[in-house]
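> Structure file query29.cif, mmCIF, C-alpha atoms, is pasted below:
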data_run
loop_
_atom_site.label_atom_id
_atom_site.label_comp_id
_atom_site.auth_asym_id
_atom_site.auth_seq_id
_atom_site.Cartn_x
_atom_site.Cartn_y
_atom_site.Cartn_z
CA MET A 1 -154.10 -120.29 -123.36
CA LEU A 2 -150.33 -119.94 -123.23
CA LEU A 3 -150.43 -120.17 -119.44
CA LEU A 4 -151.84 -123.68 -119.50
CA SER A 5 -149.24 -126.29 -118.68
CA MET A 6 -149.06 -128.98 -121.35
CA LYS A 7 -146.44 -131.68 -121.78
CA VAL A 8 -144.56 -131.13 -125.03
CA GLU A 9 -141.69 -133.16 -126.39
CA ASN A 10 -138.54 -131.06 -126.32
CA LYS A 11 -137.97 -131.07 -130.06
CA PRO A 12 -138.24 -128.07 -132.42
CA ALA A 13 -140.91 -129.75 -134.56
CA SER A 14 -143.01 -130.73 -131.54
CA ILE A 15 -142.71 -127.26 -130.01
CA GLU A 16 -143.72 -125.61 -133.28
CA GLN A 17 -146.70 -127.93 -133.65
CA HIS A 18 -147.68 -127.17 -130.05
CA LYS A 19 -147.54 -123.43 -130.79
CA GLU A 20 -149.77 -123.84 -133.83
CA LEU A 21 -152.32 -125.81 -131.82
CA LEU A 22 -152.35 -123.13 -129.12
CA LYS A 23 -152.85 -120.41 -131.73
CA ALA A 24 -155.91 -122.19 -133.09
CA LEU A 25 -157.38 -122.82 -129.64
CA THR A 26 -156.64 -119.27 -128.51
CA ALA A 27 -158.44 -117.90 -131.57
CA TYR A 28 -161.36 -120.20 -130.80
CA VAL A 29 -161.65 -119.02 -127.18
CA LYS A 30 -161.41 -115.34 -128.16
CA THR A 31 -164.15 -115.79 -130.75
CA GLU A 32 -166.57 -118.00 -128.86
CA TYR A 33 -165.92 -116.74 -125.31
CA PRO A 34 -165.12 -113.03 -125.71
CA GLY A 35 -165.86 -112.36 -122.03
CA VAL A 36 -163.32 -114.90 -120.78
CA THR A 37 -159.95 -113.53 -119.71
CA THR A 38 -156.71 -115.46 -119.46
CA GLY A 39 -157.13 -115.29 -115.69
CA ASP A 40 -160.61 -116.84 -115.93
CA LEU A 41 -159.30 -119.67 -118.07
CA LEU A 42 -156.33 -120.35 -115.83
CA LEU A 43 -158.52 -120.33 -112.71
CA ALA A 44 -161.05 -122.65 -114.34
CA TYR A 45 -158.40 -125.26 -115.10
CA ARG A 46 -156.79 -124.89 -111.67
CA LEU A 47 -160.16 -125.53 -110.03
CA GLY A 48 -160.74 -128.48 -112.33
CA VAL A 49 -157.40 -130.07 -111.49
CA LYS A 50 -158.27 -129.69 -107.79
CA CYS A 51 -161.63 -131.46 -108.40
CA LYS A 52 -163.62 -128.36 -107.42
CA LEU A 53 -165.62 -127.96 -110.62
CA PRO A 54 -169.05 -129.64 -110.64
CA GLY A 55 -169.65 -132.54 -113.00
CA ARG A 56 -172.51 -135.00 -113.39
CA ASP A 57 -174.47 -136.44 -110.48
CA GLY A 58 -172.67 -134.28 -107.96
CA GLU A 59 -169.27 -135.72 -108.85
CA PRO A 60 -166.29 -133.47 -109.72
CA LEU A 61 -165.81 -132.72 -113.38
CA GLU A 62 -163.54 -135.25 -115.06
CA MET A 63 -160.66 -133.34 -116.60
CA PHE A 64 -159.51 -134.10 -120.12
CA ALA A 65 -156.16 -135.34 -121.40
CA GLU A 66 -156.23 -133.11 -124.49
CA LEU A 67 -157.23 -129.54 -125.18
CA ASN A 68 -159.88 -129.19 -127.86
CA PRO A 69 -162.99 -127.02 -128.37
CA ARG A 70 -165.32 -129.54 -126.73
CA SER A 71 -163.20 -130.03 -123.59
CA ILE A 72 -162.64 -126.27 -123.20
CA GLY A 73 -166.39 -125.69 -123.46
CA LYS A 74 -167.11 -128.27 -120.76
CA VAL A 75 -164.53 -126.78 -118.40
CA LEU A 76 -165.81 -123.22 -118.85
CA HIS A 77 -169.41 -124.36 -118.45
CA ALA A 78 -168.50 -126.12 -115.18
CA TYR A 79 -166.62 -123.00 -114.10
CA GLU A 80 -169.78 -120.93 -114.55
CA GLU A 81 -171.75 -123.47 -112.52
CA PHE A 82 -169.10 -123.22 -109.82
CA LYS A 83 -169.44 -119.43 -109.71
CA ARG A 84 -173.22 -119.67 -109.51
CA GLU A 85 -172.94 -122.09 -106.60
CA GLN A 86 -170.58 -119.69 -104.86
CA LEU A 87 -173.09 -116.88 -105.36
CA THR A 88 -175.80 -119.00 -103.78
CA LEU A 89 -173.62 -119.84 -100.79
CA ASN A 90 -172.21 -116.33 -100.46
CA PRO A 91 -174.77 -113.90 -101.91
CA ALA A 92 -173.68 -110.32 -102.46
CA PRO A 93 -175.90 -107.58 -100.96
CA SER A 94 -177.13 -106.01 -104.17
CA LYS A 95 -174.23 -105.48 -106.54
CA PRO A 96 -173.98 -107.60 -109.70
CA ILE A 97 -171.00 -109.91 -109.91
CA ALA A 98 -168.59 -108.76 -112.59
CA GLY A 99 -167.41 -111.36 -115.05
CA LEU A 100 -170.29 -113.81 -114.62
CA LEU A 101 -170.83 -115.35 -118.03
CA PRO A 102 -174.15 -116.58 -119.36
CA GLU A 103 -174.38 -120.32 -119.75
CA TYR A 104 -172.92 -121.13 -123.14
CA VAL A 105 -172.37 -124.29 -125.14
CA PRO A 106 -170.70 -124.03 -128.57
CA SER A 107 -172.94 -124.93 -131.48
CA GLN A 108 -171.98 -127.71 -133.86
CA GLN A 109 -171.16 -125.13 -136.52
CA GLN A 110 -168.80 -123.34 -134.13
CA GLN A 111 -167.08 -126.61 -133.29
CA ASP A 112 -166.83 -127.38 -137.00
CA LYS A 113 -165.10 -124.06 -137.62
CA ALA A 114 -162.59 -124.67 -134.83
CA ASN A 115 -161.83 -128.17 -136.11
CA ALA A 116 -161.49 -126.88 -139.66
CA GLN A 117 -158.83 -124.44 -138.49
CA LEU A 118 -156.94 -127.28 -136.80
CA VAL A 119 -157.05 -129.26 -140.05
CA ARG A 120 -155.46 -126.29 -141.81
CA PHE A 121 -152.68 -126.15 -139.23
CA ALA A 122 -152.11 -129.90 -139.59
CA TYR A 123 -151.94 -129.53 -143.38
CA GLN A 124 -149.40 -126.71 -143.12
CA ALA A 125 -147.29 -128.75 -140.71
CA GLN A 126 -147.31 -131.71 -143.12
CA GLN A 127 -146.27 -129.44 -145.98
CA GLN A 128 -143.25 -128.52 -143.87
CA GLY A 129 -142.41 -132.17 -143.29
CA ARG A 130 -143.80 -132.44 -139.76
CA ASP A 131 -146.36 -135.09 -138.83
CA TYR A 132 -149.28 -133.66 -136.86
CA ASN A 133 -150.17 -135.66 -133.75
CA ASP A 134 -153.96 -135.97 -133.82
CA LEU A 135 -154.39 -136.49 -130.08
CA GLY A 136 -157.49 -138.46 -129.19
CA ASN A 137 -158.25 -138.81 -132.93
CA LEU A 138 -160.18 -135.53 -132.67
CA LEU A 139 -159.71 -134.53 -136.31
CA TYR A 140 -159.93 -138.01 -137.80
CA ASN A 141 -163.19 -138.75 -135.99
CA TRP A 142 -164.59 -135.35 -136.95
CA LEU A 143 -163.74 -135.82 -140.63
CA ASP A 144 -165.10 -139.36 -140.49
CA SER A 145 -168.39 -138.10 -139.02
CA LYS A 146 -168.65 -135.75 -142.02
CA GLY A 147 -167.98 -138.54 -144.52
CA LEU A 148 -164.61 -137.08 -145.51
CA ILE A 149 -162.34 -140.06 -144.80
CA PRO A 150 -161.87 -141.60 -148.27
CA PHE A 151 -160.10 -144.84 -147.36
CA ASN A 152 -161.67 -148.19 -148.19
CA ARG A 153 -161.73 -151.22 -145.90
CA GLU A 154 -158.53 -152.69 -147.33
CA ARG A 155 -156.51 -149.55 -146.75
CA LYS A 156 -157.91 -149.14 -143.24
CA TRP A 157 -156.81 -152.69 -142.50
CA GLU A 158 -153.30 -151.78 -143.67
CA PHE A 159 -153.32 -148.88 -141.22
CA MET A 160 -154.33 -151.27 -138.43
CA LYS A 161 -151.43 -153.59 -139.28
CA GLN A 162 -149.01 -150.67 -139.37
CA ALA A 163 -150.30 -149.48 -136.02
CA GLN A 164 -149.87 -152.90 -134.44
CA GLU A 165 -146.30 -153.10 -135.71
CA ARG A 166 -145.47 -149.63 -134.38
CA ILE A 167 -146.88 -150.50 -130.97
CA ARG A 168 -144.87 -153.73 -131.00
CA ALA A 169 -141.72 -151.72 -131.73
CA GLU A 170 -142.56 -149.28 -128.93
CA GLU A 171 -143.05 -152.11 -126.45
CA ALA A 172 -139.84 -153.80 -127.59
CA GLY A 173 -138.07 -150.51 -126.90
CA HIS A 174 -139.65 -150.26 -123.46
CA GLY A 175 -138.41 -153.78 -122.81
CA SER A 176 -134.87 -152.46 -122.51
CA THR A 177 -135.73 -149.72 -120.01
CA GLY A 178 -137.47 -149.37 -116.66
CA ASN A 179 -137.51 -151.80 -113.78
CA MET A 180 -137.40 -155.57 -114.14
CA GLN A 181 -141.17 -156.07 -114.05
CA GLU A 182 -141.83 -153.32 -116.60
CA HIS A 183 -139.07 -154.79 -118.76
CA LYS A 184 -140.67 -158.22 -118.61
CA ASP A 185 -144.23 -156.97 -119.25
CA ALA A 186 -143.14 -154.92 -122.26
CA ARG A 187 -141.21 -157.82 -123.78
CA ASN A 188 -144.16 -160.16 -123.28
CA LEU A 189 -146.55 -157.72 -124.92
CA ALA A 190 -144.15 -157.17 -127.82
CA GLY A 191 -144.01 -160.93 -128.31
CA LEU A 192 -147.79 -161.29 -128.33
CA LEU A 193 -148.14 -158.46 -130.82
CA LYS A 194 -145.51 -160.01 -133.07
CA GLN A 195 -147.25 -163.38 -132.93
CA ALA A 196 -150.59 -161.83 -133.87
CA THR A 197 -149.00 -159.96 -136.78
CA GLU A 198 -147.36 -163.12 -138.10
CA GLN A 199 -150.77 -164.82 -138.01
CA GLY A 200 -152.39 -161.93 -139.87
CA GLN A 201 -154.52 -161.02 -136.86
CA LEU A 202 -154.98 -158.20 -134.39
CA TYR A 203 -154.04 -158.69 -130.77
CA LEU A 204 -157.52 -158.00 -129.40
CA PRO A 205 -156.54 -156.98 -125.83
CA GLN A 206 -154.77 -154.01 -127.45
CA LYS A 207 -157.47 -153.30 -130.05
CA ASP A 208 -158.43 -149.85 -128.72
CA ARG A 209 -154.80 -148.76 -128.61
CA ILE A 210 -154.19 -150.15 -132.09
CA THR A 211 -157.28 -148.42 -133.47
CA THR A 212 -156.24 -145.07 -132.00
CA LYS A 213 -152.77 -145.41 -133.51
CA ALA A 214 -154.22 -146.54 -136.86
CA LYS A 215 -156.43 -143.45 -137.05
CA GLN A 216 -153.41 -141.24 -136.36
CA ILE A 217 -151.55 -142.96 -139.20
CA ALA A 218 -154.57 -142.62 -141.48
CA PHE A 219 -154.90 -138.91 -140.75
CA ILE A 220 -151.26 -138.33 -141.72
CA GLU A 221 -151.75 -140.37 -144.90
CA LEU A 222 -154.81 -138.30 -145.76
CA LEU A 223 -152.76 -135.11 -145.46
CA LYS A 224 -150.00 -136.61 -147.61
CA ASP A 225 -152.52 -137.64 -150.27
CA MET A 226 -154.01 -134.15 -150.28
CA ILE A 227 -150.59 -132.58 -150.76
CA GLU A 228 -149.64 -135.05 -153.50
CA PHE A 229 -152.82 -134.35 -155.46
CA ASP A 230 -152.82 -130.58 -154.77
CA GLN A 231 -156.02 -130.66 -152.75
CA THR A 232 -156.29 -127.83 -150.23
CA PRO A 233 -158.00 -128.15 -146.84
CA ASP A 234 -160.74 -125.77 -147.98
CA GLU A 235 -161.47 -127.99 -150.98
CA LEU A 236 -161.76 -130.99 -148.66
CA LEU A 237 -163.96 -129.12 -146.17
CA ASN A 238 -166.10 -127.30 -148.71
CA SER A 239 -169.03 -129.68 -148.30
CA ILE A 240 -169.32 -128.94 -144.58
CA PHE A 241 -170.03 -125.24 -144.88
CA ASP A 242 -172.83 -123.57 -146.78
CA ASN A 243 -170.68 -120.83 -148.31
CA GLY A 244 -167.11 -119.62 -148.56
CA GLU A 245 -167.29 -117.11 -145.71
CA GLU A 246 -165.85 -119.51 -143.17
CA SER A 247 -162.69 -120.18 -145.16
CA GLU A 248 -161.99 -116.53 -145.80
CA THR A 249 -162.70 -115.47 -142.22
CA GLU A 250 -160.63 -118.19 -140.59
CA GLN A 251 -157.57 -117.50 -142.71
CA GLU A 252 -157.47 -113.73 -142.20
#
Could you quickly redo this structure as structure tokens?

Amino acid sequence: MLLLSMKVENKPASIEQHKELLKALTAYVKTEYPGVTTGDLLLAYRLGVKCKLPGRDGEPLEMFAELNPRSIGKVLHAYEEFKREQLTLNPAPSKPIAGLLPEYVPSQQQQDKANAQLVRFAYQAQQQGRDYNDLGNLLYNWLDSKGLIPFNRERKWEFMKQAQERIRAEEAGHGSTGNMQEHKDARNLAGLLKQATEQGQLYLPQKDRITTKAKQIAFIELLKDMIEFDQTPDELLNSIFDNGEESETEQE
């Protein structure tokens, strides 16, 4: 996993958070794909970037912006399909092909365990004063699907307003950089966002972006609330698992 190239902000907190994420994903791969070597994983992603892994309807597999258990599973599954196709096109005389993995898709319980471990890392980061960047809202959406997001409609609306204001500030900042057209576009967008905020509305053309940002804010607030009220991740996640074995095993 450490050989995968990922863009990380050059700040100590961001680098440390990146390391924690890689630790969790590395543990996941070792547990769920024990036959996969670092070389296999690196080759799979190299083939994917070159559009050589098979996807749906004969099209190349669409690669993913973030690393998470689901995207890793899809890449490795496509990699196995690629190897099978190569065997069909170039059959070996009689010797078995070493390293060929059986087709494998992680179960929901396995994905739950991997996500639970990421929640623990996020909680630890927040305890140390570092906001965890929930890329793609992976953890928020997972917790929400389990009924573990406690916020009511009013508080969620506050998160949406905060998100819109943060995006406005980002665009206002972009308005002072880049070329003239980018400068103009960013300033115009910042103005439209400000106008919508003043009217107590969302700027609908940016709704998806605002929602994504709002969920990231909400996830951080959830972690802060847990810390304030001395609620551990395992206490939050207890309802997902049938017994305590998962918590003990994952934290060893």
> Rank A:Leu192, A:Leu67, A:Val75, A:Ile227 by their smallest atom-to-atom distance to Ala44 (chain A), using only C-alpha atoms, and report the top residue only.
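Residue with the minimum atom-to-atom distance to Ala44 (chain A): A:Val75.
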> List the residues matched by the PyMOL selection byres ((chain A and resi 29-37) around 8) in the displayed structure as a PDB file with C-alpha atoms, in the frame of the given file, ordered by chain and then by residue number.

ATOM      1  CA  LEU A  25    -157.380-122.820-129.640  1.00  0.00           C
ATOM      2  CA  THR A  26    -156.640-119.270-128.510  1.00  0.00           C
ATOM      3  CA  ALA A  27    -158.440-117.900-131.570  1.00  0.00           C
ATOM      4  CA  TYR A  28    -161.360-120.200-130.800  1.00  0.00           C
ATOM      5  CA  THR A  38    -156.710-115.460-119.460  1.00  0.00           C
ATOM      6  CA  GLY A  39    -157.130-115.290-115.690  1.00  0.00           C
ATOM      7  CA  ASP A  40    -160.610-116.840-115.930  1.00  0.00           C
ATOM      8  CA  LEU A  41    -159.300-119.670-118.070  1.00  0.00           C
ATOM      9  CA  GLY A  99    -167.410-111.360-115.050  1.00  0.00           C
ATOM     10  CA  LEU A 101    -170.830-115.350-118.030  1.00  0.00           C
ATOM     11  CA  PRO A 106    -170.700-124.030-128.570  1.00  0.00           C
ATOM     12  CA  GLN A 110    -168.800-123.340-134.130  1.00  0.00           C
TER      13      GLN A 110
END
> Please list as a PyMOL selection string every residue within 12 Å of Pro60 (chain A), counting all atoms listed in the file and excluding residues in the same chain fewer than 4 positions away.
chain A and resi 47-56+75+78-79+81-82
> Taking into account all atoms listed in the file, which residue in the set A:Glu170, A:Ile220, A:Lys207, A:Glu165 is nearest to Leu193 (chain A)?
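Closest residue, counting all atoms listed in the file: A:Glu165.
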> Which one of A:Leu42, A:Leu189, A:Leu143, A:Ala114 sits closest to Ala24 (chain A) if you count only C-alpha atoms?
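Among A:Leu42, A:Leu189, A:Leu143, A:Ala114, it is A:Ala114 that comes nearest to Ala24 (chain A).
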